[in-house]
Amino acid sequence: MSEKETLRVRLNNHDEIIVSTLDIYKKLLLFFAFILNFAFFTALFLLTHAPNFILLIFIVWILISFFFLRRNYLKLSSAIIKGDVLFLTNTKGKTTIVYIDCVKKIQRSNFFQLSLTSIKYYIDGKRQKALFISDRKITQQPSFIIRFTKHYFKNKKANL
């Protein structure tokens, strides 16, 4: 069976489909990127005796990097699909239940051996975002599973 047929059968049976998991490796990845960035600019700061305006630029860069990585770390999630509901669990352990129709935008980008998938969804009129990290080599990427599920239930509702 092809990937689409397998997903279609599992969706018809209302089986639990694991979209993405959140293991220690993935949690520590963004934290490691922050530490590496901080160490690089600290070493650059210590090795160079540059004018004050260049040092100010480096300090601002460190702060921007910290807030960017911190924000993305908090949005890092794992996901499970059961029926037309998406269960998201973030790094804090908070679980959010989202209907697959509420997912508005799905983006995927590749970075070396990693695939980064972000979804934007609306709950109670507020736009939320979740980020998934997966291995680039796996065949069923989170973006593929969520898009297929969304398309499947959209067609199923149209047929009724």
# chains A, B, ... in the order shown; residues from 1 in each chain; ligands from 1

call {"tool": "residues_around", "arguments": {"residues": "Thr96 (chain A)", "least_positions_apart": "2", "cutoff": "10 Å", "atoms": "only C-alpha atoms", "output": "list in words"}}
result
Ala79, Leu86, Phe87, Leu88, Thr89, Asn90, Gly93, Lys94, Val98 and Ile123 of chain A

call {"tool": "select_by_dssp", "arguments": {"residues": "chain A", "states": "strand (DSSP E or B)", "output": "ChimeraX atom specification"}}
result
/A:16-20,76-82,85-90,95-99,103-111,114-123,126-135

call {"tool": "write_last_selection", "arguments": {"atoms": "N, CA and C atoms", "output": "compact mmCIF listing (two decimals), in the first residue's frame"}}
result
# COMPACT_ATOMS: atom_id res chain seq x y z
N GLU A 16 -5.04 6.14 15.96
CA GLU A 16 -4.17 7.21 16.41
C GLU A 16 -2.97 7.28 15.48
N ILE A 17 -2.71 8.45 14.91
CA ILE A 17 -1.60 8.65 13.99
C ILE A 17 -0.60 9.59 14.65
N ILE A 18 0.60 9.09 14.87
CA ILE A 18 1.63 9.91 15.48
C ILE A 18 2.28 10.76 14.40
N VAL A 19 2.12 12.07 14.52
CA VAL A 19 2.67 13.00 13.55
C VAL A 19 4.12 13.31 13.87
N SER A 20 4.38 13.64 15.12
CA SER A 20 5.71 14.01 15.55
C SER A 20 5.85 13.72 17.04
N LEU A 76 7.95 24.43 20.25
CA LEU A 76 8.30 23.07 19.85
C LEU A 76 7.28 22.10 20.43
N SER A 77 6.69 21.25 19.59
CA SER A 77 5.57 20.41 20.03
C SER A 77 5.67 19.00 19.46
N SER A 78 4.89 18.12 20.06
CA SER A 78 4.64 16.80 19.50
C SER A 78 3.16 16.76 19.13
N ALA A 79 2.79 15.90 18.19
CA ALA A 79 1.41 15.89 17.72
C ALA A 79 0.93 14.48 17.44
N ILE A 80 -0.35 14.29 17.72
CA ILE A 80 -1.04 13.03 17.44
C ILE A 80 -2.37 13.40 16.80
N ILE A 81 -2.76 12.66 15.77
CA ILE A 81 -4.06 12.86 15.12
C ILE A 81 -4.95 11.67 15.44
N LYS A 82 -6.15 11.97 15.88
CA LYS A 82 -7.16 10.93 16.09
C LYS A 82 -8.46 11.46 15.52
N VAL A 85 -9.13 15.45 14.85
CA VAL A 85 -8.61 16.26 15.95
C VAL A 85 -7.10 16.08 16.04
N LEU A 86 -6.42 17.19 16.23
CA LEU A 86 -4.97 17.22 16.37
C LEU A 86 -4.65 17.55 17.83
N PHE A 87 -3.93 16.64 18.50
CA PHE A 87 -3.52 16.85 19.88
C PHE A 87 -2.07 17.32 19.89
N LEU A 88 -1.83 18.53 20.37
CA LEU A 88 -0.49 19.11 20.42
C LEU A 88 -0.02 19.18 21.87
N THR A 89 1.21 18.73 22.13
CA THR A 89 1.82 18.85 23.45
C THR A 89 3.13 19.59 23.29
N ASN A 90 3.26 20.75 23.97
CA ASN A 90 4.47 21.55 23.82
C ASN A 90 5.52 21.15 24.84
N THR A 95 -1.10 20.49 26.82
CA THR A 95 -1.74 19.86 25.67
C THR A 95 -2.85 20.76 25.14
N THR A 96 -2.86 20.92 23.82
CA THR A 96 -3.88 21.72 23.14
C THR A 96 -4.60 20.83 22.15
N ILE A 97 -5.91 20.95 22.11
CA ILE A 97 -6.73 20.17 21.18
C ILE A 97 -7.19 21.10 20.07
N VAL A 98 -6.86 20.74 18.82
CA VAL A 98 -7.16 21.58 17.67
C VAL A 98 -7.88 20.74 16.62
N TYR A 99 -9.01 21.22 16.14
CA TYR A 99 -9.65 20.55 15.01
C TYR A 99 -8.81 20.80 13.78
N VAL A 103 -6.43 24.47 11.33
CA VAL A 103 -5.05 24.66 10.85
C VAL A 103 -5.12 25.43 9.55
N LYS A 104 -4.48 26.60 9.54
CA LYS A 104 -4.58 27.49 8.38
C LYS A 104 -3.34 27.47 7.49
N LYS A 105 -2.17 27.31 8.07
CA LYS A 105 -0.96 27.39 7.27
C LYS A 105 0.03 26.33 7.74
N ILE A 106 0.61 25.63 6.76
CA ILE A 106 1.59 24.59 7.05
C ILE A 106 2.83 24.90 6.22
N GLN A 107 3.97 25.06 6.88
CA GLN A 107 5.22 25.35 6.19
C GLN A 107 6.26 24.32 6.58
N ARG A 108 7.08 23.94 5.62
CA ARG A 108 8.15 23.00 5.89
C ARG A 108 9.43 23.54 5.29
N SER A 109 10.52 23.43 6.06
CA SER A 109 11.83 23.81 5.56
C SER A 109 12.84 22.78 6.04
N ASN A 110 13.89 22.63 5.26
CA ASN A 110 14.93 21.66 5.58
C ASN A 110 16.19 22.37 6.02
N PHE A 111 16.84 21.80 7.02
CA PHE A 111 18.09 22.34 7.54
C PHE A 111 19.00 21.15 7.82
N LEU A 114 17.67 17.80 9.20
CA LEU A 114 16.42 18.03 9.92
C LEU A 114 15.38 18.66 9.02
N SER A 115 14.15 18.33 9.29
CA SER A 115 13.02 18.95 8.62
C SER A 115 12.23 19.71 9.67
N LEU A 116 12.04 20.99 9.46
CA LEU A 116 11.29 21.84 10.39
C LEU A 116 9.93 22.13 9.79
N THR A 117 8.88 21.77 10.51
CA THR A 117 7.52 22.01 10.06
C THR A 117 6.84 22.93 11.06
N SER A 118 6.24 23.99 10.56
CA SER A 118 5.49 24.88 11.45
C SER A 118 4.05 24.95 10.95
N ILE A 119 3.13 24.96 11.90
CA ILE A 119 1.72 25.12 11.55
C ILE A 119 1.18 26.32 12.32
N LYS A 120 0.26 27.01 11.68
CA LYS A 120 -0.45 28.11 12.32
C LYS A 120 -1.91 27.71 12.38
N TYR A 121 -2.50 27.89 13.54
CA TYR A 121 -3.89 27.52 13.75
C TYR A 121 -4.56 28.58 14.62
N TYR A 122 -5.88 28.59 14.57
CA TYR A 122 -6.65 29.56 15.33
C TYR A 122 -7.49 28.85 16.37
N ILE A 123 -7.37 29.32 17.63
CA ILE A 123 -8.21 28.84 18.72
C ILE A 123 -8.74 30.07 19.45
N LYS A 126 -7.55 33.52 18.47
CA LYS A 126 -6.14 33.85 18.60
C LYS A 126 -5.32 32.93 17.68
N ARG A 127 -4.35 33.53 17.02
CA ARG A 127 -3.48 32.76 16.16
C ARG A 127 -2.37 32.14 17.01
N GLN A 128 -2.19 30.85 16.87
CA GLN A 128 -1.16 30.11 17.60
C GLN A 128 -0.22 29.45 16.59
N LYS A 129 0.92 29.02 17.07
CA LYS A 129 1.89 28.39 16.20
C LYS A 129 2.52 27.19 16.91
N ALA A 130 2.78 26.14 16.16
CA ALA A 130 3.46 24.97 16.70
C ALA A 130 4.59 24.61 15.73
N LEU A 131 5.66 24.07 16.27
CA LEU A 131 6.85 23.74 15.49
C LEU A 131 7.20 22.28 15.73
N PHE A 132 7.45 21.55 14.65
CA PHE A 132 7.82 20.14 14.74
C PHE A 132 9.20 19.95 14.11
N ILE A 133 10.03 19.16 14.74
CA ILE A 133 11.34 18.81 14.19
C ILE A 133 11.33 17.31 13.91
N SER A 134 11.71 16.93 12.71
CA SER A 134 11.76 15.51 12.37
C SER A 134 13.01 15.25 11.52
N ASP A 135 13.32 13.99 11.39
CA ASP A 135 14.44 13.59 10.56
C ASP A 135 14.04 13.74 9.10

call {"tool": "closest_residue", "arguments": {"among": "A:Asp15, A:Ala158, A:Lys4, A:Phe112", "to": "Arg136 (chain A)", "atoms": "only C-alpha atoms"}}
result
A:Phe112

call {"tool": "closest_residue", "arguments": {"among": "A:Ser65, A:Ser143, A:Asn72, A:Thr149", "to": "Leu36 (chain A)", "atoms": "only C-alpha atoms"}}
result
A:Ser65

call {"tool": "atom_distance", "arguments": {"atom1": "CA of Arg71 (chain A)", "atom2": "CA of Thr91 (chain A)"}}
result
11.3 Å

call {"tool": "select_by_dssp", "arguments": {"residues": "chain A", "states": "helix (DSSP H, G or I)", "output": "PyMOL selection string"}}
result
chain A and resi 3-12+24-47+52-75+100-102+142-159

call {"tool": "atom_distance", "arguments": {"atom1": "CA of Phe34 (chain A)", "atom2": "CA of Phe66 (chain A)"}}
result
6.4 Å

call {"tool": "atom_distance", "arguments": {"atom1": "CA of Lys154 (chain A)", "atom2": "CA of Cys102 (chain A)"}}
result
11.7 Å

call {"tool": "closest_residue", "arguments": {"among": "A:Phe41, A:Tyr73, A:Leu22, A:Leu11", "to": "Ile57 (chain A)", "atoms": "only C-alpha atoms"}}
result
A:Phe41

call {"tool": "residues_around", "arguments": {"residues": "Trp61 (chain A)", "least_positions_apart": "2", "cutoff": "12 Å", "atoms": "only C-alpha atoms", "output": "PyMOL selection string"}}
result
chain A and resi 34+37-38+40-42+45+54-59+63-68

call {"tool": "residues_around", "arguments": {"residues": "Phe153 (chain A)", "least_positions_apart": "5", "cutoff": "9 Å", "atoms": "only C-alpha atoms", "output": "PyMOL selection string"}}
result
chain A and resi 83-84+100-101+148+158

call {"tool": "write_last_selection", "arguments": {"atoms": "all heavy atoms", "output": "compact mmCIF listing (two decimals), in the first residue's frame"}}
result
# COMPACT_ATOMS: atom_id res chain seq x y z
N GLY A 83 -8.91 10.86 14.44
CA GLY A 83 -10.08 11.38 13.75
C GLY A 83 -9.72 12.69 13.08
O GLY A 83 -8.71 12.80 12.39
N ASP A 84 -10.54 13.71 13.30
CA ASP A 84 -10.24 15.02 12.73
C ASP A 84 -9.73 15.99 13.79
O ASP A 84 -9.86 17.20 13.66
CB ASP A 84 -11.45 15.60 12.00
CG ASP A 84 -12.62 15.88 12.92
OD1 ASP A 84 -12.63 15.34 14.04
OD2 ASP A 84 -13.52 16.65 12.53
N ILE A 100 -8.73 19.81 12.93
CA ILE A 100 -7.85 19.88 11.76
C ILE A 100 -8.29 21.01 10.82
O ILE A 100 -7.47 21.56 10.09
CB ILE A 100 -7.79 18.51 11.04
CG1 ILE A 100 -6.51 18.36 10.24
CG2 ILE A 100 -8.99 18.28 10.18
CD1 ILE A 100 -5.29 18.15 11.07
N ASP A 101 -9.57 21.41 10.88
CA ASP A 101 -10.05 22.53 10.05
C ASP A 101 -9.47 23.86 10.51
O ASP A 101 -9.42 24.81 9.73
CB ASP A 101 -11.58 22.62 10.10
CG ASP A 101 -12.24 21.42 9.46
OD1 ASP A 101 -11.57 20.73 8.68
OD2 ASP A 101 -13.43 21.19 9.75
N PHE A 148 -2.52 15.97 4.27
CA PHE A 148 -3.36 14.90 3.77
C PHE A 148 -4.62 14.75 4.62
O PHE A 148 -5.72 14.59 4.09
CB PHE A 148 -2.59 13.58 3.73
CG PHE A 148 -3.40 12.45 3.18
CD1 PHE A 148 -3.53 12.29 1.82
CD2 PHE A 148 -4.05 11.56 4.03
CE1 PHE A 148 -4.30 11.26 1.30
CE2 PHE A 148 -4.81 10.53 3.53
CZ PHE A 148 -4.94 10.38 2.17
N ALA A 158 -17.43 17.37 2.15
CA ALA A 158 -18.05 17.81 0.90
C ALA A 158 -18.93 16.70 0.31
O ALA A 158 -19.95 16.99 -0.31
CB ALA A 158 -16.98 18.22 -0.10
